[in-house]
Each structure stands twice: as structure tokens, then as C-alpha cells.
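Chemist: What follows is a single structure, and I will ask about it in a moment.
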Amino acid sequence: MSGHIREGLAKVARGALDYALPPRCPGCGIVVTADHAFCHACWADMRFLSEPCCVTCGLPFEFEEAENAQCGGCLAEAPPWTSARAALAYGPVSSHVAMRLKYGRRIGLARLMARHMAPRIAAALLAEKEKALVIPVPLHRWRIWSRGFNQAAVIGDALARLTGLTHDPLILKRTRATRPLRDLGTAERAREVRRAFALDPARRGILKGKKVLLIDDIHTSGATARACTRTLMEGGAEAVHLLCWARVLQAGD
Ligand SMILES: [Zn+2]
Ligand SMILES: [Zn+2]
């Protein structure tokens with residue numbers, strides 16, 4: 001057999017193997033028994049967030065508090081949104097899943113994330129589905145060109161399909177590319193994103209009286225979500241409920 005043919009056959013065999021690849025853990029990539037199932041180690045590392053929590057920002061409470069109780073942070077300075085929730089605490093596995101969606105274009109992960117996020121959608125939104133609108137935190141168009149898609153919009157789309165809510169990924173625009181917020185302090189972050197968002201003038205009227213489910217992958221300082229919320233409220237939204245895949249819990253939370 002010539003080297004050429006051997007090489008060709010090897011390629012065909014590899015192709016067949018690719019087809020029959022066993023399912024892998026979305027967190028670490030080891031082989032697991034079912035599609036989109038986390039392995040035991042990753043499962044153990046993930047902290048799913050739930051009640052009881054601050055009614056406004058979703059910060060988990062260690063003990064059951066009075067209904068609609070707020071955390072100290074929200075009491076001191078009320079965030080602009082009606083509520084903020086996340087499926088998971090930010091950690092090695094939850095951040096890795098978000099990174100794989102962002103840079104690996106693994107759309108199947110968005111469906112997985114949406115399934116874990118859906119139970120945390122504010123009841124007020126599901127009670128009046130016709131008044132609810134799913135809106136992703138937008139990326140600047142330069143970033144979309146370089147990356148090919150907006151990960152928040154892909155999650156928003158998956159959530160909308162899962163819940164029957166309407167998804168509008170075009171109404172909120174990022175008008176200015178912002179520097180990465182990672183290395184900035186709180187005040188600098190707020191300054192950086194203050195005028196970075198605007199509404200599509202042609203779609204403005206759509207927001208009036210709507211309850212928005214604002215979608216992002218990772219909630220860190222909340223500077224971006226605050227700026228988006230203010231823009232949506234100024235545009236006539238009745239309420240904004242933020243929903244993220246994972247949120248950073250400060251030390252001591
Ligand atoms: Zn794993
Ligand atoms: Zn709070």
C-alpha cells in the first residue's frame with residue numbers, strides 16, 4: 001500500500017472515530033456517560049445558587065430571612081435592576097464553561113447553560129410572558145466580527161426557545177468598544193461603560209411597559225449590567241431582571 005493511500009485510510013478512520021466520539025464533561029473534557037453531563041469532580045466543584053437570597057441581587061443568605069429581605073449592599077445602595085440572579089457561583093468550572101462558549105463557539109453549551117439558568121427566571125416574567133422580553137448584553141460590532149457571535153445572545157436565544165419568551169438581540173446596542181474591565185477599579189468601570197450603550201431608534205417603542213430579562217454570562221462588578229439597565233429603563237422598560245450564568249461572590253459572601 002502506498003504511503004498516500006495509507007494516509008488517506010487513516011484519515012477516513014479518524015473521521016469515523018470523530019463521529020462516534022463519546023460524550024465529554026462540559027467542565028473538564030473527560031469522558032462521561034451522557035451528553036452534557038458534568039463529571040463527579042466538576043459537579044462537586046460547582047456551587048448552584050438558590051433561595052434564600054437577597055431579593056434584589058441574589059446574594060445567597062446563609063439563613064432563612066424575612067420574605068423580600070435585602071443584603072447590606074443593596075440596602076446601602078440600591079442597584080438599578082429589579083432583581084439579579086445567577087445559576088452558579090463563579091468558580092473554576094463555571095468560568096471554564098463560559099470561556100468555552102465565548103471562544104470555542106460551542107453552541108451546545110449555551111443550551112446547557114440556559115437549562116440551568118431557566119429555573120432562576122423571575123416569576124413575574126413567566127406570569128406575563130407577553131410583557132416579557134429577553135435582551136442580551138450586547139457586544140461591540142468589532143468584537144462580534146472577530147469572534148463571530150455574542151455569547152449572551154446565544155444564551156438568550158436558547159433561553160427564549162426553552163421558555164417561550166420573546167428574544168430581541170437587536171434593540172440594545174453597544175455604541176463604544178470598552179476596554180476590558182478586569183483591571184479597573186469600581187469607579188473606573190462605571191465611567192468606562194457609562195455611555196457605551198444605546199437603543200436602536202427604530203425599535204425603541206418595543207420597550208414600553210416591557211419587563212426585560214437581561215442576559216449575561218458572567219456577573220462580576222455589575223458595571224456593564226447597571227449601564228444596560230439604565231439605558232433600558234430610560235427607554236421605557238417597566239422593569240429589568242438580570243440573569244447570568246455565574247456571578248462572582250466576594251470573599252465572605
Ligand atoms: Zn468534569
Ligand atoms: Zn443584595
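Just so we're on the same page: first chain in the C-alpha cells is A, next is B, and so on; residues restart at 1 for each chain, and ligands are numbered from 1 in the order they show up.
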For ligand 2, collect every residue having any atom at a distance of at most 9 Å from a ligand atom (counting only C-alpha atoms and all ligand atoms); output as a list in words.

Modeler: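 Within the 9 Å cut-off, the matching residues are Cys53, Cys54, Val55, Thr56, Cys57, Gly58, Leu59, Pro60, Ala69, Gln70, Cys71, Gly72, Gly73, Cys74, Leu75, Ala78, Pro79, Ser83 and Ala84 of chain A.
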
Chemist: Taking the DSSP secondary structure from the backbone, can you list the residues of range 188-224 of chain A that are strand (DSSP E or B), as an mmCIF file with N, CA and C atoms, in the first residue's frame?

Modeler:
data_model
loop_
_atom_site.group_PDB
_atom_site.id
_atom_site.type_symbol
_atom_site.label_atom_id
_atom_site.label_comp_id
_atom_site.auth_asym_id
_atom_site.auth_seq_id
_atom_site.Cartn_x
_atom_site.Cartn_y
_atom_site.Cartn_z
ATOM 1 N N PHE A 197 -23.754 52.229 25.863
ATOM 2 C CA PHE A 197 -24.939 51.533 25.347
ATOM 3 C C PHE A 197 -25.998 52.505 24.845
ATOM 4 N N ALA A 198 -26.757 52.079 23.863
ATOM 5 C CA ALA A 198 -27.853 52.894 23.330
ATOM 6 C C ALA A 198 -28.902 51.956 22.760
ATOM 7 N N LEU A 199 -30.119 52.508 22.557
ATOM 8 C CA LEU A 199 -31.188 51.699 21.970
ATOM 9 C C LEU A 199 -31.259 51.951 20.475
ATOM 10 N N LYS A 211 -41.209 44.041 30.633
ATOM 11 C CA LYS A 211 -40.331 43.561 31.700
ATOM 12 C C LYS A 211 -39.189 42.810 31.024
ATOM 13 N N VAL A 212 -37.990 43.314 31.210
ATOM 14 C CA VAL A 212 -36.846 42.791 30.466
ATOM 15 C C VAL A 212 -36.100 41.730 31.283
ATOM 16 N N LEU A 213 -35.755 40.646 30.613
ATOM 17 C CA LEU A 213 -34.836 39.662 31.188
ATOM 18 C C LEU A 213 -33.497 39.910 30.500
ATOM 19 N N LEU A 214 -32.603 40.589 31.214
ATOM 20 C CA LEU A 214 -31.299 40.958 30.661
ATOM 21 C C LEU A 214 -30.318 39.806 30.901
ATOM 22 N N ILE A 215 -29.676 39.351 29.834
ATOM 23 C CA ILE A 215 -28.840 38.147 29.912
ATOM 24 C C ILE A 215 -27.359 38.472 29.789
ATOM 25 N N ASP A 216 -26.551 37.914 30.691
ATOM 26 C CA ASP A 216 -25.096 37.979 30.538
ATOM 27 C C ASP A 216 -24.509 36.655 30.994
ATOM 28 N N ASP A 217 -23.262 36.400 30.597
ATOM 29 C CA ASP A 217 -22.666 35.123 31.011
ATOM 30 C C ASP A 217 -22.115 35.205 32.430
ATOM 31 N N ILE A 218 -21.240 36.182 32.676
ATOM 32 C CA ILE A 218 -20.632 36.304 33.997
ATOM 33 C C ILE A 218 -20.961 37.661 34.606
ATOM 34 N N HIS A 219 -21.412 37.657 35.843
ATOM 35 C CA HIS A 219 -21.707 38.888 36.574
ATOM 36 C C HIS A 219 -20.539 39.124 37.532
#

Chemist: Ligand 1: which residues are within 12 Å, counting only C-alpha atoms and all ligand atoms, as a PDB file with N, CA, C and O atoms, in the first residue's frame?

Modeler:
ATOM      1  N   PRO A  23     -19.425  11.127  24.787  1.00  0.00           N
ATOM      2  CA  PRO A  23     -19.728  12.432  25.376  1.00  0.00           C
ATOM      3  C   PRO A  23     -18.651  12.842  26.379  1.00  0.00           C
ATOM      4  O   PRO A  23     -18.060  11.986  27.032  1.00  0.00           O
ATOM      5  N   ARG A  24     -18.392  14.130  26.446  1.00  0.00           N
ATOM      6  CA  ARG A  24     -17.368  14.625  27.374  1.00  0.00           C
ATOM      7  C   ARG A  24     -17.961  15.626  28.352  1.00  0.00           C
ATOM      8  O   ARG A  24     -18.924  16.308  28.048  1.00  0.00           O
ATOM      9  N   CYS A  25     -17.361  15.699  29.524  1.00  0.00           N
ATOM     10  CA  CYS A  25     -17.806  16.640  30.563  1.00  0.00           C
ATOM     11  C   CYS A  25     -17.635  18.068  30.050  1.00  0.00           C
ATOM     12  O   CYS A  25     -16.551  18.424  29.594  1.00  0.00           O
ATOM     13  N   PRO A  26     -18.673  18.921  30.120  1.00  0.00           N
ATOM     14  CA  PRO A  26     -18.557  20.296  29.637  1.00  0.00           C
ATOM     15  C   PRO A  26     -17.583  21.128  30.481  1.00  0.00           C
ATOM     16  O   PRO A  26     -17.120  22.171  30.046  1.00  0.00           O
ATOM     17  N   GLY A  27     -17.260  20.639  31.685  1.00  0.00           N
ATOM     18  CA  GLY A  27     -16.361  21.391  32.561  1.00  0.00           C
ATOM     19  C   GLY A  27     -14.903  21.102  32.293  1.00  0.00           C
ATOM     20  O   GLY A  27     -14.085  22.011  32.191  1.00  0.00           O
ATOM     21  N   CYS A  28     -14.529  19.829  32.173  1.00  0.00           N
ATOM     22  CA  CYS A  28     -13.104  19.476  32.089  1.00  0.00           C
ATOM     23  C   CYS A  28     -12.763  18.624  30.882  1.00  0.00           C
ATOM     24  O   CYS A  28     -11.590  18.404  30.590  1.00  0.00           O
ATOM     25  N   GLY A  29     -13.758  18.102  30.187  1.00  0.00           N
ATOM     26  CA  GLY A  29     -13.471  17.366  28.955  1.00  0.00           C
ATOM     27  C   GLY A  29     -13.234  15.874  29.123  1.00  0.00           C
ATOM     28  O   GLY A  29     -12.994  15.189  28.139  1.00  0.00           O
ATOM     29  N   ILE A  30     -13.292  15.333  30.340  1.00  0.00           N
ATOM     30  CA  ILE A  30     -13.104  13.877  30.456  1.00  0.00           C
ATOM     31  C   ILE A  30     -14.360  13.162  29.954  1.00  0.00           C
ATOM     32  O   ILE A  30     -15.444  13.739  29.924  1.00  0.00           O
ATOM     33  N   VAL A  31     -14.179  11.912  29.564  1.00  0.00           N
ATOM     34  CA  VAL A  31     -15.299  11.148  29.008  1.00  0.00           C
ATOM     35  C   VAL A  31     -16.322  10.840  30.108  1.00  0.00           C
ATOM     36  O   VAL A  31     -15.956  10.434  31.212  1.00  0.00           O
ATOM     37  N   VAL A  32     -17.587  11.101  29.803  1.00  0.00           N
ATOM     38  CA  VAL A  32     -18.671  10.812  30.756  1.00  0.00           C
ATOM     39  C   VAL A  32     -19.706   9.917  30.071  1.00  0.00           C
ATOM     40  O   VAL A  32     -19.584   9.638  28.882  1.00  0.00           O
ATOM     41  N   THR A  33     -20.716   9.502  30.815  1.00  0.00           N
ATOM     42  CA  THR A  33     -21.668   8.529  30.256  1.00  0.00           C
ATOM     43  C   THR A  33     -22.761   9.178  29.406  1.00  0.00           C
ATOM     44  O   THR A  33     -23.258   8.576  28.475  1.00  0.00           O
ATOM     45  N   HIS A  36     -23.626  16.231  27.718  1.00  0.00           N
ATOM     46  CA  HIS A  36     -23.856  17.423  28.526  1.00  0.00           C
ATOM     47  C   HIS A  36     -24.033  17.124  30.011  1.00  0.00           C
ATOM     48  O   HIS A  36     -24.738  17.829  30.721  1.00  0.00           O
ATOM     49  N   ALA A  37     -23.438  16.029  30.473  1.00  0.00           N
ATOM     50  CA  ALA A  37     -23.462  15.745  31.909  1.00  0.00           C
ATOM     51  C   ALA A  37     -22.090  16.082  32.475  1.00  0.00           C
ATOM     52  O   ALA A  37     -21.076  15.774  31.860  1.00  0.00           O
ATOM     53  N   PHE A  38     -22.069  16.709  33.632  1.00  0.00           N
ATOM     54  CA  PHE A  38     -20.795  17.031  34.274  1.00  0.00           C
ATOM     55  C   PHE A  38     -20.264  15.789  34.985  1.00  0.00           C
ATOM     56  O   PHE A  38     -21.036  14.964  35.477  1.00  0.00           O
ATOM     57  N   CYS A  39     -18.920  15.662  35.033  1.00  0.00           N
ATOM     58  CA  CYS A  39     -18.320  14.550  35.776  1.00  0.00           C
ATOM     59  C   CYS A  39     -18.475  14.830  37.273  1.00  0.00           C
ATOM     60  O   CYS A  39     -18.810  15.941  37.673  1.00  0.00           O
ATOM     61  N   HIS A  40     -18.187  13.837  38.095  1.00  0.00           N
ATOM     62  CA  HIS A  40     -18.374  13.991  39.546  1.00  0.00           C
ATOM     63  C   HIS A  40     -17.519  15.113  40.121  1.00  0.00           C
ATOM     64  O   HIS A  40     -17.965  15.888  40.951  1.00  0.00           O
ATOM     65  N   ALA A  41     -16.251  15.180  39.665  1.00  0.00           N
ATOM     66  CA  ALA A  41     -15.336  16.194  40.203  1.00  0.00           C
ATOM     67  C   ALA A  41     -15.841  17.597  39.883  1.00  0.00           C
ATOM     68  O   ALA A  41     -15.852  18.479  40.755  1.00  0.00           O
ATOM     69  N   CYS A  42     -16.275  17.815  38.645  1.00  0.00           N
ATOM     70  CA  CYS A  42     -16.765  19.139  38.263  1.00  0.00           C
ATOM     71  C   CYS A  42     -18.069  19.452  39.006  1.00  0.00           C
ATOM     72  O   CYS A  42     -18.270  20.558  39.494  1.00  0.00           O
ATOM     73  N   TRP A  43     -18.931  18.449  39.079  1.00  0.00           N
ATOM     74  CA  TRP A  43     -20.215  18.629  39.764  1.00  0.00           C
ATOM     75  C   TRP A  43     -19.963  19.075  41.206  1.00  0.00           C
ATOM     76  O   TRP A  43     -20.611  19.980  41.726  1.00  0.00           O
ATOM     77  N   ALA A  44     -18.972  18.440  41.844  1.00  0.00           N
ATOM     78  CA  ALA A  44     -18.664  18.759  43.244  1.00  0.00           C
ATOM     79  C   ALA A  44     -18.106  20.177  43.381  1.00  0.00           C
ATOM     80  O   ALA A  44     -18.273  20.823  44.409  1.00  0.00           O
ATOM     81  N   ASP A  45     -17.435  20.663  42.332  1.00  0.00           N
ATOM     82  CA  ASP A  45     -16.829  21.999  42.391  1.00  0.00           C
ATOM     83  C   ASP A  45     -17.848  23.107  42.147  1.00  0.00           C
ATOM     84  O   ASP A  45     -17.633  24.260  42.494  1.00  0.00           O
ATOM     85  N   MET A  46     -18.991  22.752  41.512  1.00  0.00           N
ATOM     86  CA  MET A  46     -19.955  23.783  41.127  1.00  0.00           C
ATOM     87  C   MET A  46     -20.872  24.115  42.298  1.00  0.00           C
ATOM     88  O   MET A  46     -21.383  23.236  42.955  1.00  0.00           O
ATOM     89  N   PRO A  92     -13.899  27.715  39.123  1.00  0.00           N
ATOM     90  CA  PRO A  92     -13.120  27.162  38.006  1.00  0.00           C
ATOM     91  C   PRO A  92     -13.994  26.515  36.935  1.00  0.00           C
ATOM     92  O   PRO A  92     -13.769  26.726  35.743  1.00  0.00           O
ATOM     93  N   VAL A  93     -14.997  25.738  37.326  1.00  0.00           N
ATOM     94  CA  VAL A  93     -15.802  25.025  36.331  1.00  0.00           C
ATOM     95  C   VAL A  93     -16.774  25.975  35.620  1.00  0.00           C
ATOM     96  O   VAL A  93     -16.842  25.995  34.391  1.00  0.00           O
ATOM     97  N   SER A  94     -17.497  26.795  36.405  1.00  0.00           N
ATOM     98  CA  SER A  94     -18.475  27.692  35.760  1.00  0.00           C
ATOM     99  C   SER A  94     -17.771  28.681  34.834  1.00  0.00           C
ATOM    100  O   SER A  94     -18.289  29.009  33.763  1.00  0.00           O
ATOM    101  N   HIS A  96     -14.898  28.134  33.270  1.00  0.00           N
ATOM    102  CA  HIS A  96     -14.372  27.390  32.129  1.00  0.00           C
ATOM    103  C   HIS A  96     -15.471  27.133  31.085  1.00  0.00           C
ATOM    104  O   HIS A  96     -15.235  27.254  29.885  1.00  0.00           O
ATOM    105  N   VAL A  97     -16.664  26.801  31.563  1.00  0.00           N
ATOM    106  CA  VAL A  97     -17.790  26.577  30.642  1.00  0.00           C
ATOM    107  C   VAL A  97     -18.078  27.863  29.860  1.00  0.00           C
ATOM    108  O   VAL A  97     -18.259  27.840  28.640  1.00  0.00           O
TER     109      VAL A  97
END

Chemist: Excluding same-chain residues fewer than 6 positions from Ala187 in chain A, what lies within 12 Å of it counting only C-alpha atoms, as a list in words?

Modeler: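 Counting only the stated atoms, we get Leu181, Val193, Arg194, Ser221, Gly222 and Ala223 of chain A.
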
Chemist: Identify, with DSSP run on backbone atoms, the residues in range 58-100 of chain A assigned to alpha helix (DSSP H), and express the list as a list in words.

Modeler: Gly72, Gly73, Cys74, Leu75, Ala76, Pro92, Val93, Ser94, Ser95, His96, Val97, Ala98, Met99 and Arg100 of chain A
